[in-house]
$ cat model.cif   # mmCIF, N, CA and C atoms
data_final
loop_
_atom_site.label_atom_id
_atom_site.label_comp_id
_atom_site.auth_asym_id
_atom_site.auth_seq_id
_atom_site.Cartn_x
_atom_site.Cartn_y
_atom_site.Cartn_z
N MET A 1231 -57.51 30.58 -38.28
CA MET A 1231 -56.60 29.53 -37.86
C MET A 1231 -57.23 28.76 -36.70
N SER A 1232 -57.15 27.46 -36.77
CA SER A 1232 -57.75 26.58 -35.77
C SER A 1232 -56.78 26.38 -34.61
N VAL A 1233 -57.30 26.42 -33.41
CA VAL A 1233 -56.49 26.20 -32.21
C VAL A 1233 -56.76 24.79 -31.70
N THR A 1234 -55.70 24.04 -31.48
CA THR A 1234 -55.83 22.68 -30.97
C THR A 1234 -55.96 22.73 -29.46
N THR A 1235 -56.99 22.08 -28.95
CA THR A 1235 -57.19 22.03 -27.50
C THR A 1235 -56.24 20.99 -26.91
N PRO A 1236 -55.95 21.11 -25.62
CA PRO A 1236 -55.10 20.10 -24.97
C PRO A 1236 -55.70 18.69 -25.11
N GLU A 1237 -57.00 18.59 -25.01
CA GLU A 1237 -57.65 17.29 -25.13
C GLU A 1237 -57.43 16.68 -26.52
N GLN A 1238 -57.55 17.54 -27.55
CA GLN A 1238 -57.34 17.05 -28.91
C GLN A 1238 -55.89 16.68 -29.15
N LEU A 1239 -54.97 17.47 -28.58
CA LEU A 1239 -53.55 17.16 -28.69
C LEU A 1239 -53.26 15.80 -28.06
N ILE A 1240 -53.84 15.56 -26.89
CA ILE A 1240 -53.64 14.28 -26.19
C ILE A 1240 -54.21 13.13 -27.02
N THR A 1241 -55.42 13.30 -27.52
CA THR A 1241 -56.05 12.26 -28.34
C THR A 1241 -55.23 11.97 -29.58
N ASP A 1242 -54.80 13.01 -30.28
CA ASP A 1242 -54.00 12.84 -31.49
C ASP A 1242 -52.67 12.15 -31.18
N SER A 1243 -52.06 12.55 -30.08
CA SER A 1243 -50.77 11.97 -29.69
C SER A 1243 -50.93 10.50 -29.31
N ARG A 1244 -52.02 10.17 -28.62
CA ARG A 1244 -52.27 8.77 -28.26
C ARG A 1244 -52.51 7.94 -29.51
N ASP A 1245 -53.21 8.50 -30.48
CA ASP A 1245 -53.42 7.79 -31.75
C ASP A 1245 -52.08 7.53 -32.43
N ARG A 1246 -51.20 8.49 -32.38
CA ARG A 1246 -49.87 8.33 -32.99
C ARG A 1246 -49.08 7.24 -32.25
N ILE A 1247 -49.16 7.24 -30.92
CA ILE A 1247 -48.48 6.21 -30.13
C ILE A 1247 -49.03 4.83 -30.49
N ASP A 1248 -50.35 4.72 -30.61
CA ASP A 1248 -50.95 3.43 -30.99
C ASP A 1248 -50.43 2.97 -32.35
N ALA A 1249 -50.33 3.89 -33.30
CA ALA A 1249 -49.81 3.55 -34.63
C ALA A 1249 -48.34 3.13 -34.55
N LEU A 1250 -47.56 3.83 -33.74
CA LEU A 1250 -46.15 3.47 -33.56
C LEU A 1250 -46.03 2.09 -32.92
N ASP A 1251 -46.86 1.83 -31.90
CA ASP A 1251 -46.85 0.51 -31.25
C ASP A 1251 -47.16 -0.59 -32.26
N ASP A 1252 -48.13 -0.35 -33.14
CA ASP A 1252 -48.45 -1.35 -34.17
C ASP A 1252 -47.25 -1.60 -35.07
N ARG A 1253 -46.54 -0.56 -35.44
CA ARG A 1253 -45.35 -0.71 -36.28
C ARG A 1253 -44.25 -1.46 -35.54
N ILE A 1254 -44.05 -1.13 -34.26
CA ILE A 1254 -43.02 -1.80 -33.46
C ILE A 1254 -43.35 -3.29 -33.34
N ILE A 1255 -44.60 -3.62 -33.06
CA ILE A 1255 -45.01 -5.02 -32.96
C ILE A 1255 -44.76 -5.73 -34.28
N GLY A 1256 -45.11 -5.10 -35.38
CA GLY A 1256 -44.87 -5.70 -36.69
C GLY A 1256 -43.40 -5.94 -36.94
N LEU A 1257 -42.57 -5.00 -36.56
CA LEU A 1257 -41.12 -5.16 -36.74
C LEU A 1257 -40.57 -6.29 -35.87
N ILE A 1258 -41.08 -6.40 -34.66
CA ILE A 1258 -40.63 -7.49 -33.78
C ILE A 1258 -41.06 -8.84 -34.36
N GLN A 1259 -42.28 -8.90 -34.88
CA GLN A 1259 -42.73 -10.15 -35.51
C GLN A 1259 -41.86 -10.49 -36.72
N GLU A 1260 -41.48 -9.49 -37.49
CA GLU A 1260 -40.59 -9.71 -38.63
C GLU A 1260 -39.22 -10.19 -38.14
N ARG A 1261 -38.72 -9.60 -37.06
CA ARG A 1261 -37.43 -10.00 -36.49
C ARG A 1261 -37.49 -11.45 -36.01
N MET A 1262 -38.62 -11.82 -35.41
CA MET A 1262 -38.79 -13.20 -34.94
C MET A 1262 -38.71 -14.17 -36.12
N ALA A 1263 -39.33 -13.83 -37.23
CA ALA A 1263 -39.30 -14.69 -38.41
C ALA A 1263 -37.88 -14.83 -38.96
N VAL A 1264 -37.15 -13.73 -39.02
CA VAL A 1264 -35.76 -13.77 -39.51
C VAL A 1264 -34.90 -14.59 -38.56
N SER A 1265 -35.11 -14.43 -37.26
CA SER A 1265 -34.35 -15.20 -36.27
C SER A 1265 -34.61 -16.70 -36.44
N THR A 1266 -35.85 -17.06 -36.74
CA THR A 1266 -36.19 -18.47 -36.96
C THR A 1266 -35.41 -19.03 -38.14
N VAL A 1267 -35.31 -18.27 -39.22
CA VAL A 1267 -34.55 -18.70 -40.40
C VAL A 1267 -33.09 -18.93 -40.01
N ILE A 1268 -32.52 -18.00 -39.26
CA ILE A 1268 -31.12 -18.13 -38.84
C ILE A 1268 -30.93 -19.35 -37.95
N GLN A 1269 -31.82 -19.53 -36.99
CA GLN A 1269 -31.71 -20.67 -36.07
C GLN A 1269 -31.81 -21.99 -36.82
N GLU A 1270 -32.76 -22.07 -37.76
CA GLU A 1270 -32.92 -23.31 -38.51
C GLU A 1270 -31.68 -23.60 -39.36
N ALA A 1271 -31.10 -22.57 -39.97
CA ALA A 1271 -29.88 -22.76 -40.76
C ALA A 1271 -28.72 -23.18 -39.87
N ARG A 1272 -28.61 -22.55 -38.72
CA ARG A 1272 -27.52 -22.89 -37.81
C ARG A 1272 -27.64 -24.33 -37.33
N ILE A 1273 -28.84 -24.72 -36.91
CA ILE A 1273 -29.06 -26.08 -36.42
C ILE A 1273 -28.86 -27.08 -37.55
N GLY A 1274 -29.35 -26.73 -38.75
CA GLY A 1274 -29.21 -27.61 -39.92
C GLY A 1274 -27.77 -27.87 -40.30
N SER A 1275 -26.89 -26.94 -39.95
CA SER A 1275 -25.47 -27.13 -40.28
C SER A 1275 -24.67 -27.65 -39.09
N GLY A 1276 -25.41 -28.12 -38.08
CA GLY A 1276 -24.75 -28.74 -36.93
C GLY A 1276 -24.37 -27.77 -35.82
N GLY A 1277 -24.80 -26.53 -35.93
CA GLY A 1277 -24.48 -25.55 -34.90
C GLY A 1277 -25.52 -25.51 -33.79
N ARG A 1278 -25.28 -24.60 -32.89
CA ARG A 1278 -26.19 -24.42 -31.76
C ARG A 1278 -27.29 -23.45 -32.14
N ARG A 1279 -28.40 -23.58 -31.48
CA ARG A 1279 -29.55 -22.71 -31.75
C ARG A 1279 -29.27 -21.26 -31.36
N VAL A 1280 -28.63 -21.09 -30.22
CA VAL A 1280 -28.35 -19.75 -29.69
C VAL A 1280 -26.86 -19.46 -29.84
N HIS A 1281 -26.54 -18.28 -30.32
CA HIS A 1281 -25.15 -17.85 -30.50
C HIS A 1281 -24.91 -16.72 -29.48
N LEU A 1282 -24.32 -17.07 -28.35
CA LEU A 1282 -24.21 -16.13 -27.22
C LEU A 1282 -23.39 -14.89 -27.55
N SER A 1283 -22.32 -15.02 -28.31
CA SER A 1283 -21.54 -13.83 -28.61
C SER A 1283 -22.34 -12.86 -29.47
N ARG A 1284 -23.17 -13.38 -30.37
CA ARG A 1284 -24.04 -12.50 -31.16
C ARG A 1284 -25.07 -11.82 -30.27
N GLU A 1285 -25.62 -12.55 -29.32
CA GLU A 1285 -26.58 -11.94 -28.40
C GLU A 1285 -25.93 -10.82 -27.59
N MET A 1286 -24.67 -11.00 -27.22
CA MET A 1286 -23.97 -9.95 -26.49
C MET A 1286 -23.79 -8.70 -27.36
N GLU A 1287 -23.54 -8.89 -28.65
CA GLU A 1287 -23.46 -7.76 -29.58
C GLU A 1287 -24.79 -7.01 -29.64
N VAL A 1288 -25.89 -7.76 -29.70
CA VAL A 1288 -27.22 -7.15 -29.75
C VAL A 1288 -27.47 -6.36 -28.46
N LEU A 1289 -27.16 -6.95 -27.32
CA LEU A 1289 -27.37 -6.28 -26.04
C LEU A 1289 -26.57 -4.98 -25.97
N LYS A 1290 -25.33 -5.03 -26.42
CA LYS A 1290 -24.50 -3.82 -26.40
C LYS A 1290 -25.08 -2.75 -27.30
N HIS A 1291 -25.53 -3.14 -28.48
CA HIS A 1291 -26.11 -2.18 -29.43
C HIS A 1291 -27.31 -1.46 -28.82
N TRP A 1292 -28.20 -2.21 -28.21
CA TRP A 1292 -29.39 -1.61 -27.59
C TRP A 1292 -29.01 -0.77 -26.37
N SER A 1293 -28.05 -1.26 -25.59
CA SER A 1293 -27.62 -0.52 -24.41
C SER A 1293 -26.95 0.79 -24.81
N ASP A 1294 -26.12 0.76 -25.84
CA ASP A 1294 -25.47 1.98 -26.31
C ASP A 1294 -26.51 3.00 -26.78
N ALA A 1295 -27.57 2.51 -27.41
CA ALA A 1295 -28.58 3.42 -27.96
C ALA A 1295 -29.55 3.92 -26.90
N LEU A 1296 -29.90 3.07 -25.93
CA LEU A 1296 -30.99 3.40 -25.00
C LEU A 1296 -30.64 3.31 -23.53
N GLY A 1297 -29.39 3.00 -23.22
CA GLY A 1297 -28.99 2.90 -21.82
C GLY A 1297 -29.48 1.60 -21.19
N LYS A 1298 -29.50 1.59 -19.87
CA LYS A 1298 -29.87 0.38 -19.12
C LYS A 1298 -31.24 -0.16 -19.51
N PRO A 1299 -32.26 0.69 -19.69
CA PRO A 1299 -33.55 0.15 -20.13
C PRO A 1299 -33.46 -0.53 -21.50
N GLY A 1300 -32.54 -0.09 -22.34
CA GLY A 1300 -32.34 -0.72 -23.64
C GLY A 1300 -31.87 -2.15 -23.50
N THR A 1301 -31.04 -2.41 -22.50
CA THR A 1301 -30.57 -3.77 -22.24
C THR A 1301 -31.74 -4.66 -21.88
N ALA A 1302 -32.60 -4.18 -20.99
CA ALA A 1302 -33.77 -4.96 -20.57
C ALA A 1302 -34.70 -5.20 -21.76
N LEU A 1303 -34.88 -4.19 -22.57
CA LEU A 1303 -35.74 -4.32 -23.75
C LEU A 1303 -35.13 -5.33 -24.73
N ALA A 1304 -33.83 -5.26 -24.94
CA ALA A 1304 -33.16 -6.20 -25.83
C ALA A 1304 -33.28 -7.62 -25.31
N MET A 1305 -33.18 -7.81 -24.01
CA MET A 1305 -33.34 -9.15 -23.43
C MET A 1305 -34.71 -9.71 -23.76
N THR A 1306 -35.73 -8.87 -23.68
CA THR A 1306 -37.09 -9.31 -24.00
C THR A 1306 -37.20 -9.66 -25.48
N VAL A 1307 -36.64 -8.82 -26.34
CA VAL A 1307 -36.68 -9.08 -27.78
C VAL A 1307 -35.94 -10.38 -28.09
N LEU A 1308 -34.79 -10.57 -27.50
CA LEU A 1308 -34.04 -11.80 -27.73
C LEU A 1308 -34.83 -13.02 -27.25
N GLU A 1309 -35.47 -12.90 -26.12
CA GLU A 1309 -36.29 -14.00 -25.61
C GLU A 1309 -37.42 -14.33 -26.59
N LEU A 1310 -38.07 -13.30 -27.09
CA LEU A 1310 -39.14 -13.52 -28.07
C LEU A 1310 -38.61 -14.19 -29.33
N CYS A 1311 -37.43 -13.80 -29.77
CA CYS A 1311 -36.88 -14.28 -31.02
C CYS A 1311 -36.24 -15.66 -30.92
N ARG A 1312 -35.87 -16.05 -29.72
CA ARG A 1312 -35.26 -17.38 -29.53
C ARG A 1312 -36.29 -18.49 -29.69
N GLY A 1313 -37.51 -18.21 -29.34
CA GLY A 1313 -38.50 -19.27 -29.26
C GLY A 1313 -38.19 -20.13 -28.06
N ARG A 1314 -38.68 -21.32 -28.09
CA ARG A 1314 -38.40 -22.23 -26.97
C ARG A 1314 -37.02 -22.81 -27.10
N VAL A 1315 -36.22 -22.63 -26.06
CA VAL A 1315 -34.85 -23.15 -26.07
C VAL A 1315 -34.83 -24.49 -25.40
#
$ encode --input "model.cif" --output "structure tokens"
Amino acid sequence: MSVTTPEQLITDSRDRIDALDDRIIGLIQERMAVSTVIQEARIGSGGRRVHLSREMEVLKHWSDALGKPGTALAMTVLELCRGRV
């Protein structure tokens, strides 16, 4: 039976974190694209680009799941997905 050294465990774990980060970035990019579709549809129908009550729902969802840091993270995601306002 092979014994994993602490160094190998750290290296393997960092590789896993890098892979997770790549997936998270990809998901955020996908979210940005979906948000663009929604914004264009809303503007095309005479609405506003940003829907504040929906953003509050998103903030609450992230805060409920991750606490105060989740709110900050959600704010960043929303900022990325809004594009230039």
$ atom_distance --input "model.cif" --atom1 "atom C of Lys1290 in chain A" --atom2 "atom N of Leu1308 in chain A"
12.5 Å
$ resolve_selection --input "model.cif" --expression "the PyMOL selection byres ((chain A and resi 1259-1276) around 8)" --output "PyMOL selection string"
chain A and resi 1253-1258+1277-1280+1307+1310-1313
$ atom_distance --input "model.cif" --atom1 "atom N of Thr1306 in chain A" --atom2 "CA of Ser1293 in chain A"
11.7 Å
$ select_by_dssp --input "model.cif" --residues "chain A" --states "alpha helix (DSSP H)" --output "number ranges by chain"
A: 1236-1274, 1282-1296, 1298-1312
$ atom_distance --input "model.cif" --atom1 "CA of Ala1304 in chain A" --atom2 "atom C of Glu1287 in chain A"
9.2 Å
$ decode --input "model.cif" --residues "range 1267-1298 of chain A" --atoms "N, CA, C and O atoms" --output "PDB file, in the first residue's frame"
ATOM      1  N   VAL A1267     -28.607  37.877 -22.054  1.00  0.00           N
ATOM      2  CA  VAL A1267     -29.844  37.538 -22.774  1.00  0.00           C
ATOM      3  C   VAL A1267     -31.042  38.159 -22.051  1.00  0.00           C
ATOM      4  O   VAL A1267     -31.924  38.763 -22.680  1.00  0.00           O
ATOM      5  N   ILE A1268     -31.074  38.016 -20.739  1.00  0.00           N
ATOM      6  CA  ILE A1268     -32.188  38.563 -19.948  1.00  0.00           C
ATOM      7  C   ILE A1268     -32.228  40.079 -20.065  1.00  0.00           C
ATOM      8  O   ILE A1268     -33.295  40.674 -20.284  1.00  0.00           O
ATOM      9  N   GLN A1269     -31.075  40.725 -19.927  1.00  0.00           N
ATOM     10  CA  GLN A1269     -31.021  42.187 -20.003  1.00  0.00           C
ATOM     11  C   GLN A1269     -31.486  42.687 -21.368  1.00  0.00           C
ATOM     12  O   GLN A1269     -32.252  43.653 -21.460  1.00  0.00           O
ATOM     13  N   GLU A1270     -31.022  42.019 -22.429  1.00  0.00           N
ATOM     14  CA  GLU A1270     -31.416  42.443 -23.770  1.00  0.00           C
ATOM     15  C   GLU A1270     -32.922  42.275 -23.975  1.00  0.00           C
ATOM     16  O   GLU A1270     -33.568  43.137 -24.571  1.00  0.00           O
ATOM     17  N   ALA A1271     -33.493  41.187 -23.476  1.00  0.00           N
ATOM     18  CA  ALA A1271     -34.936  40.971 -23.597  1.00  0.00           C
ATOM     19  C   ALA A1271     -35.706  42.017 -22.797  1.00  0.00           C
ATOM     20  O   ALA A1271     -36.719  42.548 -23.272  1.00  0.00           O
ATOM     21  N   ARG A1272     -35.217  42.298 -21.596  1.00  0.00           N
ATOM     22  CA  ARG A1272     -35.899  43.280 -20.760  1.00  0.00           C
ATOM     23  C   ARG A1272     -35.865  44.661 -21.406  1.00  0.00           C
ATOM     24  O   ARG A1272     -36.889  45.356 -21.486  1.00  0.00           O
ATOM     25  N   ILE A1273     -34.692  45.071 -21.886  1.00  0.00           N
ATOM     26  CA  ILE A1273     -34.556  46.378 -22.525  1.00  0.00           C
ATOM     27  C   ILE A1273     -35.376  46.429 -23.810  1.00  0.00           C
ATOM     28  O   ILE A1273     -36.042  47.424 -24.105  1.00  0.00           O
ATOM     29  N   GLY A1274     -35.351  45.329 -24.574  1.00  0.00           N
ATOM     30  CA  GLY A1274     -36.112  45.260 -25.828  1.00  0.00           C
ATOM     31  C   GLY A1274     -37.611  45.394 -25.636  1.00  0.00           C
ATOM     32  O   GLY A1274     -38.323  45.824 -26.539  1.00  0.00           O
ATOM     33  N   SER A1275     -38.082  45.032 -24.445  1.00  0.00           N
ATOM     34  CA  SER A1275     -39.520  45.143 -24.180  1.00  0.00           C
ATOM     35  C   SER A1275     -39.854  46.415 -23.398  1.00  0.00           C
ATOM     36  O   SER A1275     -40.937  46.549 -22.852  1.00  0.00           O
ATOM     37  N   GLY A1276     -38.880  47.321 -23.345  1.00  0.00           N
ATOM     38  CA  GLY A1276     -39.129  48.614 -22.709  1.00  0.00           C
ATOM     39  C   GLY A1276     -38.843  48.651 -21.219  1.00  0.00           C
ATOM     40  O   GLY A1276     -39.137  49.644 -20.558  1.00  0.00           O
ATOM     41  N   GLY A1277     -38.266  47.595 -20.691  1.00  0.00           N
ATOM     42  CA  GLY A1277     -37.956  47.560 -19.263  1.00  0.00           C
ATOM     43  C   GLY A1277     -36.573  48.116 -18.954  1.00  0.00           C
ATOM     44  O   GLY A1277     -35.853  48.577 -19.836  1.00  0.00           O
ATOM     45  N   ARG A1278     -36.254  48.044 -17.697  1.00  0.00           N
ATOM     46  CA  ARG A1278     -34.952  48.517 -17.229  1.00  0.00           C
ATOM     47  C   ARG A1278     -33.932  47.394 -17.333  1.00  0.00           C
ATOM     48  O   ARG A1278     -34.272  46.217 -17.268  1.00  0.00           O
ATOM     49  N   ARG A1279     -32.703  47.776 -17.451  1.00  0.00           N
ATOM     50  CA  ARG A1279     -31.618  46.791 -17.564  1.00  0.00           C
ATOM     51  C   ARG A1279     -31.441  45.989 -16.282  1.00  0.00           C
ATOM     52  O   ARG A1279     -31.237  44.784 -16.298  1.00  0.00           O
ATOM     53  N   VAL A1280     -31.518  46.682 -15.161  1.00  0.00           N
ATOM     54  CA  VAL A1280     -31.313  46.049 -13.852  1.00  0.00           C
ATOM     55  C   VAL A1280     -32.649  45.936 -13.138  1.00  0.00           C
ATOM     56  O   VAL A1280     -33.432  46.888 -13.103  1.00  0.00           O
ATOM     57  N   HIS A1281     -32.908  44.776 -12.567  1.00  0.00           N
ATOM     58  CA  HIS A1281     -34.148  44.514 -11.824  1.00  0.00           C
ATOM     59  C   HIS A1281     -33.746  44.358 -10.353  1.00  0.00           C
ATOM     60  O   HIS A1281     -33.296  43.294  -9.937  1.00  0.00           O
ATOM     61  N   LEU A1282     -33.886  45.429  -9.582  1.00  0.00           N
ATOM     62  CA  LEU A1282     -33.352  45.464  -8.218  1.00  0.00           C
ATOM     63  C   LEU A1282     -33.985  44.423  -7.294  1.00  0.00           C
ATOM     64  O   LEU A1282     -33.283  43.830  -6.463  1.00  0.00           O
ATOM     65  N   SER A1283     -35.275  44.172  -7.426  1.00  0.00           N
ATOM     66  CA  SER A1283     -35.876  43.184  -6.531  1.00  0.00           C
ATOM     67  C   SER A1283     -35.316  41.794  -6.818  1.00  0.00           C
ATOM     68  O   SER A1283     -35.122  40.992  -5.900  1.00  0.00           O
ATOM     69  N   ARG A1284     -35.030  41.496  -8.080  1.00  0.00           N
ATOM     70  CA  ARG A1284     -34.403  40.211  -8.416  1.00  0.00           C
ATOM     71  C   ARG A1284     -32.992  40.144  -7.839  1.00  0.00           C
ATOM     72  O   ARG A1284     -32.583  39.105  -7.310  1.00  0.00           O
ATOM     73  N   GLU A1285     -32.258  41.231  -7.908  1.00  0.00           N
ATOM     74  CA  GLU A1285     -30.911  41.239  -7.332  1.00  0.00           C
ATOM     75  C   GLU A1285     -30.957  41.006  -5.827  1.00  0.00           C
ATOM     76  O   GLU A1285     -30.101  40.309  -5.281  1.00  0.00           O
ATOM     77  N   MET A1286     -31.974  41.543  -5.171  1.00  0.00           N
ATOM     78  CA  MET A1286     -32.114  41.316  -3.731  1.00  0.00           C
ATOM     79  C   MET A1286     -32.389  39.835  -3.442  1.00  0.00           C
ATOM     80  O   MET A1286     -31.880  39.286  -2.462  1.00  0.00           O
ATOM     81  N   GLU A1287     -33.167  39.180  -4.292  1.00  0.00           N
ATOM     82  CA  GLU A1287     -33.404  37.737  -4.146  1.00  0.00           C
ATOM     83  C   GLU A1287     -32.094  36.959  -4.272  1.00  0.00           C
ATOM     84  O   GLU A1287     -31.849  36.024  -3.507  1.00  0.00           O
ATOM     85  N   VAL A1288     -31.273  37.341  -5.250  1.00  0.00           N
ATOM     86  CA  VAL A1288     -29.981  36.681  -5.455  1.00  0.00           C
ATOM     87  C   VAL A1288     -29.092  36.887  -4.233  1.00  0.00           C
ATOM     88  O   VAL A1288     -28.475  35.935  -3.726  1.00  0.00           O
ATOM     89  N   LEU A1289     -29.021  38.103  -3.733  1.00  0.00           N
ATOM     90  CA  LEU A1289     -28.193  38.399  -2.557  1.00  0.00           C
ATOM     91  C   LEU A1289     -28.641  37.574  -1.358  1.00  0.00           C
ATOM     92  O   LEU A1289     -27.813  37.017  -0.628  1.00  0.00           O
ATOM     93  N   LYS A1290     -29.938  37.478  -1.155  1.00  0.00           N
ATOM     94  CA  LYS A1290     -30.453  36.693  -0.027  1.00  0.00           C
ATOM     95  C   LYS A1290     -30.091  35.226  -0.185  1.00  0.00           C
ATOM     96  O   LYS A1290     -29.686  34.568   0.775  1.00  0.00           O
ATOM     97  N   HIS A1291     -30.234  34.697  -1.390  1.00  0.00           N
ATOM     98  CA  HIS A1291     -29.915  33.289  -1.653  1.00  0.00           C
ATOM     99  C   HIS A1291     -28.462  32.985  -1.296  1.00  0.00           C
ATOM    100  O   HIS A1291     -28.171  32.013  -0.603  1.00  0.00           O
ATOM    101  N   TRP A1292     -27.559  33.827  -1.754  1.00  0.00           N
ATOM    102  CA  TRP A1292     -26.131  33.619  -1.479  1.00  0.00           C
ATOM    103  C   TRP A1292     -25.826  33.828   0.006  1.00  0.00           C
ATOM    104  O   TRP A1292     -25.027  33.101   0.587  1.00  0.00           O
ATOM    105  N   SER A1293     -26.461  34.816   0.610  1.00  0.00           N
ATOM    106  CA  SER A1293     -26.243  35.081   2.027  1.00  0.00           C
ATOM    107  C   SER A1293     -26.753  33.924   2.882  1.00  0.00           C
ATOM    108  O   SER A1293     -26.084  33.506   3.838  1.00  0.00           O
ATOM    109  N   ASP A1294     -27.914  33.398   2.537  1.00  0.00           N
ATOM    110  CA  ASP A1294     -28.458  32.253   3.281  1.00  0.00           C
ATOM    111  C   ASP A1294     -27.524  31.048   3.180  1.00  0.00           C
ATOM    112  O   ASP A1294     -27.359  30.297   4.138  1.00  0.00           O
ATOM    113  N   ALA A1295     -26.921  30.869   2.012  1.00  0.00           N
ATOM    114  CA  ALA A1295     -26.057  29.707   1.799  1.00  0.00           C
ATOM    115  C   ALA A1295     -24.669  29.881   2.392  1.00  0.00           C
ATOM    116  O   ALA A1295     -24.081  28.924   2.910  1.00  0.00           O
ATOM    117  N   LEU A1296     -24.127  31.105   2.337  1.00  0.00           N
ATOM    118  CA  LEU A1296     -22.715  31.308   2.689  1.00  0.00           C
ATOM    119  C   LEU A1296     -22.462  32.376   3.741  1.00  0.00           C
ATOM    120  O   LEU A1296     -21.302  32.681   4.037  1.00  0.00           O
ATOM    121  N   GLY A1297     -23.513  32.972   4.281  1.00  0.00           N
ATOM    122  CA  GLY A1297     -23.330  34.001   5.292  1.00  0.00           C
ATOM    123  C   GLY A1297     -22.879  35.320   4.678  1.00  0.00           C
ATOM    124  O   GLY A1297     -23.005  35.546   3.475  1.00  0.00           O
ATOM    125  N   LYS A1298     -22.335  36.183   5.516  1.00  0.00           N
ATOM    126  CA  LYS A1298     -21.935  37.529   5.090  1.00  0.00           C
ATOM    127  C   LYS A1298     -20.961  37.502   3.906  1.00  0.00           C
ATOM    128  O   LYS A1298     -21.116  38.290   2.967  1.00  0.00           O
TER     129      LYS A1298
END
